Amino acid sequence: MPLKLMYITNNKNVAYIADRNGVDRVWIDLETLGKEERQKGLNTVKSHHRITDISVIKPVLKDAELLVRINPINKNTEKEIEEVIQRGADNIMLPMFKTKAEVEKFLNYINGRTKNILLLETRESVENLEEILSVKGIDEVHIGLNDLHLAYKKKFMFELLADGLVEKICKILKDKNLKFGFGGIAGIGKGTLPAENILAEHYRLESRAVILSRSFCNCDEKSIEEVEHIFCQGVRQIRDYENRLLSFTKRDFEINRLNVKKIVNKIIATM
């Protein structure tokens, strides 16, 4: 089964293009609480999406699901979830949780009205993972390497892939029969750690979802014609590479795993 490809945008023209070119989930990002402080000074995407964007994006989607990342659990979470559901979200994602109680609260507020995704990105959530996963009704988990690598005081987000932590988490999720994904990728032939190497790790670890990162297409710097070309060509190239991965042997995947470790260590050495 091919990976679910996700792209973050509140631009309806870009959402339309992503949907028509095979992106599986268009992602509205409402998370603001604590994000600026956590990622201060880092070259990360800090979205300035609004809850009203849901009503703009939802009607242009034909095949893609609409995913909405809300804020971490706070006094306004129930109200935020209510409005997100009313405006038409297909999936709601909870970021920065640490405890079983937060996840229970999140799922109770949703009450089965949409699909839910837990964004695993705190050290505490990893340490409490078995307990958290005892909560009934979790649909999916995404391992958020951006914040998680900061939590573990790593220099580079894919260190967690190279040092085995992502694999350890994936094993726990597989044992619980949960769908999961991790991190993001650039286009084929691009990325500090090449997309091909990351995709092979997704297949080795049996991941089911990945984000198309800003490196895949930075729409702020492109014309709409360029965006359409990038999505048309880029998604097709990813799907073609996924087809190649179907013929990989265990040995091929192991060689790739060792290459990922080698490339990551070289990147860290230059930082």
# chains A, B, ... in the order shown; residues from 1 in each chain; ligands from 1
>>> select_by_dssp(residues="stretch 74-118 of chain A", states="strand (DSSP E or B)", output="list in words")
Asn91, Ile92, Met93, Leu94, Lys115, Asn116, Ile117 and Leu118 of chain A
>>> write_last_selection(atoms="N, CA, C and O atoms", output="short mmCIF file (atom, residue, chain, number, x, y, z; two decimals), in the first residue's frame")
data_model
loop_
_atom_site.label_atom_id
_atom_site.label_comp_id
_atom_site.auth_asym_id
_atom_site.auth_seq_id
_atom_site.Cartn_x
_atom_site.Cartn_y
_atom_site.Cartn_z
N ASN A 91 -9.82 14.63 9.63
CA ASN A 91 -8.87 14.12 10.63
C ASN A 91 -8.49 15.28 11.55
O ASN A 91 -8.26 16.40 11.07
N ILE A 92 -8.38 15.02 12.84
CA ILE A 92 -7.88 16.02 13.78
C ILE A 92 -6.63 15.46 14.45
O ILE A 92 -6.63 14.32 14.93
N MET A 93 -5.58 16.27 14.47
CA MET A 93 -4.29 15.86 15.03
C MET A 93 -4.01 16.61 16.33
O MET A 93 -4.14 17.84 16.39
N LEU A 94 -3.58 15.86 17.35
CA LEU A 94 -3.20 16.46 18.63
C LEU A 94 -1.68 16.52 18.76
O LEU A 94 -1.03 15.49 18.77
N LYS A 115 -11.81 11.10 12.32
CA LYS A 115 -10.63 10.29 12.63
C LYS A 115 -9.65 11.13 13.43
O LYS A 115 -9.64 12.36 13.32
N ASN A 116 -8.84 10.47 14.24
CA ASN A 116 -7.88 11.18 15.09
C ASN A 116 -6.47 10.70 14.83
O ASN A 116 -6.25 9.53 14.49
N ILE A 117 -5.52 11.62 14.98
CA ILE A 117 -4.09 11.30 14.82
C ILE A 117 -3.34 11.92 16.00
O ILE A 117 -3.51 13.11 16.30
N LEU A 118 -2.52 11.14 16.65
CA LEU A 118 -1.66 11.64 17.72
C LEU A 118 -0.31 11.99 17.13
O LEU A 118 0.29 11.18 16.42
#
>>> select_by_dssp(residues="stretch 78-268 of chain A", states="alpha helix (DSSP H)", output="JSON, numbers by chain")
{"A": [78, 79, 80, 81, 82, 83, 84, 85, 86, 100, 101, 102, 103, 104, 105, 106, 107, 108, 109, 110, 123, 124, 125, 126, 127, 129, 130, 131, 132, 145, 146, 147, 148, 149, 150, 151, 159, 160, 161, 162, 165, 166, 167, 168, 169, 170, 171, 172, 173, 174, 175, 195, 196, 197, 198, 199, 200, 201, 202, 203, 204, 205, 224, 225, 226, 227, 228, 229, 230, 231, 232, 233, 234, 235, 236, 237, 238, 239, 240, 241, 242, 243, 244, 245, 250, 251, 252, 253, 254, 255, 256, 257, 258, 259, 260, 261, 262, 263, 264, 265, 266, 267, 268]}
>>> closest_atom_pairs(of="stretch 91-187 of chain A", to="stretch 203-227 of chain A", cutoff="9 Å", atoms="only C-alpha atoms", output="tab-separated table")
residue	atom	partner	partner_atom	distance
A:His142	CA	A:Ala209	CA	7.8
A:Val166	CA	A:Leu205	CA	8.9
A:Glu167	CA	A:Leu205	CA	6.7
A:Cys170	CA	A:Leu205	CA	6.7
A:Lys171	CA	A:Leu205	CA	7.9
A:Lys174	CA	A:Glu206	CA	8.2
A:Lys179	CA	A:Arg208	CA	6.5
A:Phe180	CA	A:Ser207	CA	5.6
A:Gly181	CA	A:Ala209	CA	4.2
A:Phe182	CA	A:Val210	CA	5.8
A:Gly183	CA	A:Val210	CA	6.0
A:Gly184	CA	A:Ile211	CA	4.2
A:Ile185	CA	A:Leu212	CA	5.4
A:Ala186	CA	A:Phe216	CA	4.0
A:Gly187	CA	A:Phe216	CA	4.9
>>> atom_distance(atom1="atom CA of A:Lys100", atom2="atom CA of A:Glu124")
10.4 Å
>>> atom_distance(atom1="atom CA of A:Gln86", atom2="atom CA of A:Trp27")
16.5 Å
>>> residues_around(residues="A:Arg236", least_positions_apart="3", cutoff="12 Å", atoms="only C-alpha atoms", output="number ranges by chain")
A: 2, 5, 18, 21-23, 187-188, 229-233, 239-243
>>> write_last_selection(atoms="all heavy atoms", output="tab-separated table (two decimals), in the first residue's frame")
chain	number	residue	atom	x	y	z
A	2	PRO	N	0.64	2.18	-0.95
A	2	PRO	CA	1.50	3.39	-0.99
A	2	PRO	C	1.32	4.26	0.25
A	2	PRO	O	0.28	4.21	0.92
A	2	PRO	CB	1.01	4.11	-2.25
A	2	PRO	CG	-0.36	3.59	-2.51
A	2	PRO	CD	-0.37	2.18	-1.99
A	5	LEU	N	0.49	10.67	1.44
A	5	LEU	CA	1.28	11.88	1.30
A	5	LEU	C	0.48	13.06	1.85
A	5	LEU	O	-0.70	13.24	1.48
A	5	LEU	CB	1.65	12.13	-0.16
A	5	LEU	CG	2.43	11.01	-0.85
A	5	LEU	CD1	2.70	11.38	-2.31
A	5	LEU	CD2	3.73	10.70	-0.13
A	18	ALA	N	-2.65	20.11	-5.14
A	18	ALA	CA	-2.20	18.95	-4.37
A	18	ALA	C	-3.21	17.81	-4.49
A	18	ALA	O	-2.85	16.66	-4.74
A	18	ALA	CB	-1.99	19.34	-2.92
A	21	ASN	N	-3.32	16.11	-7.86
A	21	ASN	CA	-2.08	15.42	-8.26
A	21	ASN	C	-1.68	14.32	-7.28
A	21	ASN	O	-0.52	13.89	-7.27
A	21	ASN	CB	-0.95	16.44	-8.41
A	21	ASN	CG	-1.07	17.23	-9.70
A	21	ASN	OD1	-0.76	16.73	-10.78
A	21	ASN	ND2	-1.56	18.46	-9.60
A	22	GLY	N	-2.64	13.82	-6.51
A	22	GLY	CA	-2.38	12.60	-5.75
A	22	GLY	C	-1.96	12.76	-4.31
A	22	GLY	O	-1.58	11.76	-3.67
A	23	VAL	N	-1.99	13.98	-3.75
A	23	VAL	CA	-1.73	14.14	-2.32
A	23	VAL	C	-2.95	13.62	-1.57
A	23	VAL	O	-4.10	13.91	-1.93
A	23	VAL	CB	-1.45	15.62	-1.98
A	23	VAL	CG1	-1.41	15.84	-0.47
A	23	VAL	CG2	-0.12	16.05	-2.61
A	187	GLY	N	11.59	16.20	-2.54
A	187	GLY	CA	11.34	15.44	-3.77
A	187	GLY	C	12.43	14.41	-4.01
A	187	GLY	O	13.51	14.45	-3.40
A	188	ILE	N	12.18	13.48	-4.92
A	188	ILE	CA	13.18	12.47	-5.29
A	188	ILE	C	14.44	13.17	-5.81
A	188	ILE	O	14.37	14.11	-6.61
A	188	ILE	CB	12.61	11.52	-6.36
A	188	ILE	CG1	11.42	10.72	-5.78
A	188	ILE	CG2	13.67	10.59	-6.91
A	188	ILE	CD1	11.77	9.80	-4.64
A	229	HIS	N	3.53	22.12	-11.70
A	229	HIS	CA	4.55	21.27	-12.30
A	229	HIS	C	5.27	20.44	-11.24
A	229	HIS	O	5.49	19.23	-11.43
A	229	HIS	CB	5.57	22.14	-13.05
A	229	HIS	CG	6.71	21.36	-13.63
A	229	HIS	ND1	6.58	20.55	-14.73
A	229	HIS	CD2	8.02	21.25	-13.21
A	229	HIS	CE1	7.75	19.97	-15.00
A	229	HIS	NE2	8.63	20.37	-14.09
A	230	ILE	N	5.61	21.07	-10.12
A	230	ILE	CA	6.32	20.36	-9.05
A	230	ILE	C	5.47	19.23	-8.49
A	230	ILE	O	5.95	18.10	-8.29
A	230	ILE	CB	6.73	21.34	-7.93
A	230	ILE	CG1	7.86	22.26	-8.41
A	230	ILE	CG2	7.18	20.58	-6.67
A	230	ILE	CD1	8.12	23.45	-7.51
A	231	PHE	N	4.19	19.48	-8.23
A	231	PHE	CA	3.33	18.44	-7.67
A	231	PHE	C	3.09	17.32	-8.68
A	231	PHE	O	3.14	16.13	-8.33
A	231	PHE	CB	2.00	19.04	-7.19
A	231	PHE	CG	2.06	19.54	-5.78
A	231	PHE	CD1	2.35	20.87	-5.51
A	231	PHE	CD2	1.84	18.67	-4.71
A	231	PHE	CE1	2.42	21.34	-4.20
A	231	PHE	CE2	1.90	19.13	-3.40
A	231	PHE	CZ	2.19	20.46	-3.15
A	232	CYS	N	2.83	17.68	-9.91
A	232	CYS	CA	2.57	16.67	-10.94
A	232	CYS	C	3.77	15.74	-11.10
A	232	CYS	O	3.64	14.51	-11.05
A	232	CYS	CB	2.24	17.37	-12.26
A	232	CYS	SG	1.94	16.22	-13.62
A	233	GLN	N	4.94	16.34	-11.26
A	233	GLN	CA	6.16	15.56	-11.46
A	233	GLN	C	6.62	14.89	-10.16
A	233	GLN	O	6.98	13.72	-10.14
A	233	GLN	CB	7.27	16.47	-12.00
A	233	GLN	CG	8.55	15.74	-12.36
A	233	GLN	CD	9.60	16.70	-12.89
A	233	GLN	OE1	10.05	17.61	-12.18
A	233	GLN	NE2	9.98	16.53	-14.14
A	239	ARG	N	5.82	8.04	-6.29
A	239	ARG	CA	5.08	6.79	-6.52
A	239	ARG	C	5.91	5.79	-7.34
A	239	ARG	O	5.88	4.58	-7.06
A	239	ARG	CB	3.75	7.08	-7.23
A	239	ARG	CG	2.76	7.93	-6.42
A	239	ARG	CD	2.55	7.41	-5.02
A	239	ARG	NE	1.46	8.10	-4.32
A	239	ARG	CZ	1.28	8.08	-3.01
A	239	ARG	NH1	2.11	7.39	-2.24
A	239	ARG	NH2	0.27	8.72	-2.45
A	240	ASP	N	6.65	6.29	-8.30
A	240	ASP	CA	7.51	5.41	-9.09
A	240	ASP	C	8.58	4.78	-8.20
A	240	ASP	O	8.89	3.59	-8.33
A	240	ASP	CB	8.18	6.19	-10.23
A	240	ASP	CG	7.22	6.54	-11.36
A	240	ASP	OD1	6.10	5.97	-11.39
A	240	ASP	OD2	7.57	7.40	-12.20
A	241	TYR	N	9.14	5.59	-7.29
A	241	TYR	CA	10.18	5.05	-6.41
A	241	TYR	C	9.58	4.04	-5.43
A	241	TYR	O	10.21	3.02	-5.11
A	241	TYR	CB	10.91	6.16	-5.66
A	241	TYR	CG	12.21	5.66	-5.07
A	241	TYR	CD1	13.32	5.46	-5.88
A	241	TYR	CD2	12.31	5.32	-3.72
A	241	TYR	CE1	14.50	4.94	-5.37
A	241	TYR	CE2	13.48	4.81	-3.20
A	241	TYR	CZ	14.58	4.62	-4.02
A	241	TYR	OH	15.74	4.10	-3.52
A	242	GLU	N	8.37	4.31	-4.96
A	242	GLU	CA	7.70	3.34	-4.08
A	242	GLU	C	7.53	2.00	-4.80
A	242	GLU	O	7.69	0.93	-4.18
A	242	GLU	CB	6.34	3.88	-3.64
A	242	GLU	CG	6.42	4.96	-2.58
A	242	GLU	CD	5.05	5.35	-2.08
A	242	GLU	OE1	4.42	6.24	-2.69
A	242	GLU	OE2	4.58	4.74	-1.09
A	243	ASN	N	7.20	2.03	-6.08
A	243	ASN	CA	7.08	0.78	-6.84
A	243	ASN	C	8.39	0.03	-6.89
A	243	ASN	O	8.42	-1.21	-6.83
A	243	ASN	CB	6.56	1.07	-8.25
A	243	ASN	CG	5.08	1.38	-8.29
A	243	ASN	OD1	4.33	0.89	-7.44
A	243	ASN	ND2	4.65	2.20	-9.23
>>> closest_residue(among="A:Ala15, A:Glu196, A:Thr270, A:Leu3", to="A:Glu228", atoms="only C-alpha atoms")
A:Ala15
>>> atom_distance(atom1="atom CA of A:Ile57", atom2="atom CA of A:Asp147")
26.5 Å
>>> closest_residue(among="A:Asn10, A:Asn197, A:Asn128, A:Asn71", to="A:Lys58", atoms="only C-alpha atoms")
A:Asn10
>>> closest_residue(among="A:Ile110, A:Asn177, A:Pro95, A:Ala162", to="A:Leu133", atoms="only C-alpha atoms")
A:Asn177
>>> residues_around(residues="A:Leu145", least_positions_apart="2", cutoff="7 Å", atoms="only C-alpha atoms", output="list in words")
Glu121, Ile143, Asp147, Leu148, His149, Met157 and Gly183 of chain A
>>> write_last_selection(atoms="all heavy atoms", output="mmCIF file, in the first residue's frame")
data_model
loop_
_atom_site.group_PDB
_atom_site.id
_atom_site.type_symbol
_atom_site.label_atom_id
_atom_site.label_comp_id
_atom_site.auth_asym_id
_atom_site.auth_seq_id
_atom_site.Cartn_x
_atom_site.Cartn_y
_atom_site.Cartn_z
ATOM 1 N N GLU A 121 5.664 13.784 19.729
ATOM 2 C CA GLU A 121 6.787 14.693 19.538
ATOM 3 C C GLU A 121 7.374 15.225 20.840
ATOM 4 O O GLU A 121 8.166 16.164 20.833
ATOM 5 C CB GLU A 121 6.367 15.870 18.639
ATOM 6 C CG GLU A 121 5.145 16.614 19.111
ATOM 7 C CD GLU A 121 4.704 17.723 18.181
ATOM 8 O OE1 GLU A 121 5.455 18.080 17.246
ATOM 9 O OE2 GLU A 121 3.600 18.251 18.391
ATOM 10 N N ILE A 143 4.933 10.292 14.045
ATOM 11 C CA ILE A 143 6.126 10.630 14.836
ATOM 12 C C ILE A 143 6.690 11.931 14.286
ATOM 13 O O ILE A 143 7.179 11.984 13.154
ATOM 14 C CB ILE A 143 7.172 9.495 14.767
ATOM 15 C CG1 ILE A 143 6.552 8.161 15.212
ATOM 16 C CG2 ILE A 143 8.386 9.834 15.637
ATOM 17 C CD1 ILE A 143 7.387 6.943 14.857
ATOM 18 N N ASP A 147 10.073 18.442 16.486
ATOM 19 C CA ASP A 147 10.098 18.736 17.917
ATOM 20 C C ASP A 147 10.718 17.609 18.732
ATOM 21 O O ASP A 147 11.343 17.860 19.758
ATOM 22 C CB ASP A 147 8.686 19.043 18.423
ATOM 23 C CG ASP A 147 8.302 20.496 18.155
ATOM 24 O OD1 ASP A 147 9.022 21.391 18.627
ATOM 25 O OD2 ASP A 147 7.297 20.739 17.467
ATOM 26 N N LEU A 148 10.561 16.369 18.265
ATOM 27 C CA LEU A 148 11.107 15.255 19.035
ATOM 28 C C LEU A 148 12.627 15.287 19.075
ATOM 29 O O LEU A 148 13.231 14.998 20.107
ATOM 30 C CB LEU A 148 10.613 13.921 18.462
ATOM 31 C CG LEU A 148 10.782 12.699 19.370
ATOM 32 C CD1 LEU A 148 10.064 12.887 20.698
ATOM 33 C CD2 LEU A 148 10.281 11.437 18.669
ATOM 34 N N HIS A 149 13.267 15.683 17.978
ATOM 35 C CA HIS A 149 14.737 15.740 18.011
ATOM 36 C C HIS A 149 15.217 16.863 18.923
ATOM 37 O O HIS A 149 16.264 16.761 19.567
ATOM 38 C CB HIS A 149 15.331 15.831 16.598
ATOM 39 C CG HIS A 149 15.617 17.204 16.087
ATOM 40 N ND1 HIS A 149 14.640 18.000 15.510
ATOM 41 C CD2 HIS A 149 16.766 17.942 16.050
ATOM 42 C CE1 HIS A 149 15.180 19.156 15.143
ATOM 43 N NE2 HIS A 149 16.467 19.144 15.453
ATOM 44 N N MET A 157 17.212 16.357 12.735
ATOM 45 C CA MET A 157 15.987 15.609 13.008
ATOM 46 C C MET A 157 16.088 14.123 12.666
ATOM 47 O O MET A 157 15.491 13.284 13.358
ATOM 48 C CB MET A 157 14.800 16.255 12.285
ATOM 49 C CG MET A 157 14.894 16.321 10.801
ATOM 50 S SD MET A 157 13.557 17.321 10.072
ATOM 51 C CE MET A 157 12.187 16.196 10.213
ATOM 52 N N GLY A 183 7.964 11.910 10.135
ATOM 53 C CA GLY A 183 8.803 12.873 9.428
ATOM 54 C C GLY A 183 8.257 13.358 8.100
ATOM 55 O O GLY A 183 7.071 13.228 7.790
#
>>> residues_around(residues="A:Val260", least_positions_apart="2", cutoff="9 Å", atoms="only C-alpha atoms", output="tab-separated table (two decimals) with C-alpha atoms, in the first residue's frame")
chain	number	residue	atom	x	y	z
A	158	PHE	CA	16.94	12.38	11.25
A	161	LEU	CA	16.00	7.59	12.54
A	162	ALA	CA	19.71	6.75	12.44
A	193	LEU	CA	19.22	13.18	3.65
A	194	PRO	CA	17.93	12.09	0.21
A	197	ASN	CA	16.84	6.83	1.60
A	198	ILE	CA	14.01	8.05	3.82
A	201	GLU	CA	13.19	3.39	5.73
A	255	ILE	CA	22.13	-1.67	3.17
A	256	ASN	CA	19.93	1.42	2.99
A	257	ARG	CA	19.60	1.55	6.80
A	258	LEU	CA	23.39	1.53	7.15
A	262	LYS	CA	26.48	6.97	7.53
A	263	ILE	CA	24.92	10.00	5.80
A	264	VAL	CA	23.37	11.29	9.04
A	265	ASN	CA	26.69	10.99	10.88
>>> residues_around(residues="A:Arg20", least_positions_apart="4", cutoff="8 Å", atoms="only C-alpha atoms", output="MDAnalysis selection string")
chainID A and resid 16 62:63
>>> decode(residues="stretch 135-241 of chain A", atoms="C-alpha atoms", output="JSON list (two decimals), in the first residue's frame")
[["chain", "number", "residue", "atom", "x", "y", "z"],
["A", 135, "VAL", "CA", -6.42, 4.26, 25.48],
["A", 136, "LYS", "CA", -9.16, 2.83, 23.24],
["A", 137, "GLY", "CA", -10.05, 4.55, 19.99],
["A", 138, "ILE", "CA", -6.69, 5.84, 18.70],
["A", 139, "ASP", "CA", -6.78, 5.80, 14.89],
["A", 140, "GLU", "CA", -3.21, 6.73, 13.95],
["A", 141, "VAL", "CA", 0.10, 8.09, 15.25],
["A", 142, "HIS", "CA", 2.58, 10.34, 13.47],
["A", 143, "ILE", "CA", 6.13, 10.63, 14.84],
["A", 144, "GLY", "CA", 7.02, 14.33, 14.64],
["A", 145, "LEU", "CA", 10.78, 14.45, 14.18],
["A", 146, "ASN", "CA", 11.07, 18.25, 14.29],
["A", 147, "ASP", "CA", 10.10, 18.74, 17.92],
["A", 148, "LEU", "CA", 11.11, 15.25, 19.04],
["A", 149, "HIS", "CA", 14.74, 15.74, 18.01],
["A", 150, "LEU", "CA", 14.77, 19.00, 20.00],
["A", 151, "ALA", "CA", 13.33, 17.17, 23.01],
["A", 152, "TYR", "CA", 16.21, 14.69, 22.82],
["A", 153, "LYS", "CA", 18.74, 17.50, 22.28],
["A", 154, "LYS", "CA", 19.80, 16.21, 18.87],
["A", 155, "LYS", "CA", 21.37, 18.40, 16.18],
["A", 156, "PHE", "CA", 19.54, 16.95, 13.17],
["A", 157, "MET", "CA", 15.99, 15.61, 13.01],
["A", 158, "PHE", "CA", 16.94, 12.38, 11.25],
["A", 159, "GLU", "CA", 19.38, 11.46, 14.02],
["A", 160, "LEU", "CA", 16.37, 9.76, 15.63],
["A", 161, "LEU", "CA", 16.00, 7.59, 12.54],
["A", 162, "ALA", "CA", 19.71, 6.75, 12.44],
["A", 163, "ASP", "CA", 20.08, 6.01, 16.18],
["A", 164, "GLY", "CA", 17.18, 3.54, 16.31],
["A", 165, "LEU", "CA", 14.65, 5.52, 18.37],
["A", 166, "VAL", "CA", 12.18, 5.77, 15.47],
["A", 167, "GLU", "CA", 12.51, 2.02, 14.87],
["A", 168, "LYS", "CA", 11.84, 1.31, 18.56],
["A", 169, "ILE", "CA", 8.70, 3.48, 18.49],
["A", 170, "CYS", "CA", 7.53, 1.89, 15.22],
["A", 171, "LYS", "CA", 7.84, -1.59, 16.73],
["A", 172, "ILE", "CA", 5.64, -0.62, 19.68],
["A", 173, "LEU", "CA", 3.03, 0.87, 17.32],
["A", 174, "LYS", "CA", 3.11, -2.21, 15.05],
["A", 175, "ASP", "CA", 2.64, -4.49, 18.07],
["A", 176, "LYS", "CA", -0.52, -2.49, 18.87],
["A", 177, "ASN", "CA", -1.74, -2.80, 15.23],
["A", 178, "LEU", "CA", -1.77, 0.99, 14.87],
["A", 179, "LYS", "CA", -1.22, 2.86, 11.62],
["A", 180, "PHE", "CA", 1.69, 5.28, 11.82],
["A", 181, "GLY", "CA", 3.97, 7.57, 9.86],
["A", 182, "PHE", "CA", 6.96, 9.76, 10.56],
["A", 183, "GLY", "CA", 8.80, 12.87, 9.43],
["A", 184, "GLY", "CA", 8.82, 14.50, 6.03],
["A", 185, "ILE", "CA", 10.58, 14.26, 2.69],
["A", 186, "ALA", "CA", 11.74, 16.49, -0.14],
["A", 187, "GLY", "CA", 11.34, 15.44, -3.77],
["A", 188, "ILE", "CA", 13.18, 12.47, -5.29],
["A", 189, "GLY", "CA", 16.85, 13.31, -5.71],
["A", 190, "LYS", "CA", 16.62, 16.12, -3.14],
["A", 191, "GLY", "CA", 17.04, 16.64, 0.58],
["A", 192, "THR", "CA", 20.01, 16.81, 2.96],
["A", 193, "LEU", "CA", 19.22, 13.18, 3.65],
["A", 194, "PRO", "CA", 17.93, 12.09, 0.21],
["A", 195, "ALA", "CA", 14.24, 11.32, -0.10],
["A", 196, "GLU", "CA", 15.02, 7.90, -1.57],
["A", 197, "ASN", "CA", 16.84, 6.83, 1.60],
["A", 198, "ILE", "CA", 14.01, 8.05, 3.82],
["A", 199, "LEU", "CA", 11.35, 6.35, 1.70],
["A", 200, "ALA", "CA", 13.19, 3.04, 1.94],
["A", 201, "GLU", "CA", 13.19, 3.39, 5.73],
["A", 202, "HIS", "CA", 9.44, 4.03, 5.66],
["A", 203, "TYR", "CA", 8.97, 0.76, 3.78],
["A", 204, "ARG", "CA", 11.38, -1.17, 6.00],
["A", 205, "LEU", "CA", 9.62, 0.03, 9.15],
["A", 206, "GLU", "CA", 6.13, -0.40, 7.61],
["A", 207, "SER", "CA", 5.20, 3.27, 7.96],
["A", 208, "ARG", "CA", 2.05, 4.41, 6.20],
["A", 209, "ALA", "CA", 2.34, 8.22, 6.01],
["A", 210, "VAL", "CA", 4.83, 11.02, 5.34],
["A", 211, "ILE", "CA", 4.70, 14.80, 5.02],
["A", 212, "LEU", "CA", 5.78, 16.49, 1.79],
["A", 213, "SER", "CA", 8.04, 19.13, 3.30],
["A", 214, "ARG", "CA", 8.76, 22.73, 2.37],
["A", 215, "SER", "CA", 11.80, 21.33, 0.52],
["A", 216, "PHE", "CA", 9.40, 19.39, -1.71],
["A", 217, "CYS", "CA", 7.65, 22.63, -2.72],
["A", 218, "ASN", "CA", 8.02, 26.03, -1.14],
["A", 219, "CYS", "CA", 4.86, 27.54, -2.60],
["A", 220, "ASP", "CA", 5.61, 31.02, -1.23],
["A", 221, "GLU", "CA", 8.48, 31.32, -3.71],
["A", 222, "LYS", "CA", 6.80, 29.77, -6.76],
["A", 223, "SER", "CA", 4.22, 30.79, -9.34],
["A", 224, "ILE", "CA", 1.06, 28.69, -9.43],
["A", 225, "GLU", "CA", 2.26, 27.15, -12.73],
["A", 226, "GLU", "CA", 5.53, 26.11, -11.07],
["A", 227, "VAL", "CA", 3.64, 24.64, -8.13],
["A", 228, "GLU", "CA", 1.48, 22.57, -10.47],
["A", 229, "HIS", "CA", 4.55, 21.27, -12.30],
["A", 230, "ILE", "CA", 6.32, 20.36, -9.05],
["A", 231, "PHE", "CA", 3.33, 18.44, -7.67],
["A", 232, "CYS", "CA", 2.57, 16.67, -10.94],
["A", 233, "GLN", "CA", 6.16, 15.56, -11.46],
["A", 234, "GLY", "CA", 7.13, 15.18, -7.78],
["A", 235, "VAL", "CA", 4.27, 12.96, -6.65],
["A", 236, "ARG", "CA", 4.65, 10.75, -9.74],
["A", 237, "GLN", "CA", 8.38, 10.33, -9.01],
["A", 238, "ILE", "CA", 7.64, 9.37, -5.39],
["A", 239, "ARG", "CA", 5.08, 6.79, -6.52],
["A", 240, "ASP", "CA", 7.51, 5.41, -9.09],
["A", 241, "TYR", "CA", 10.18, 5.05, -6.41]]
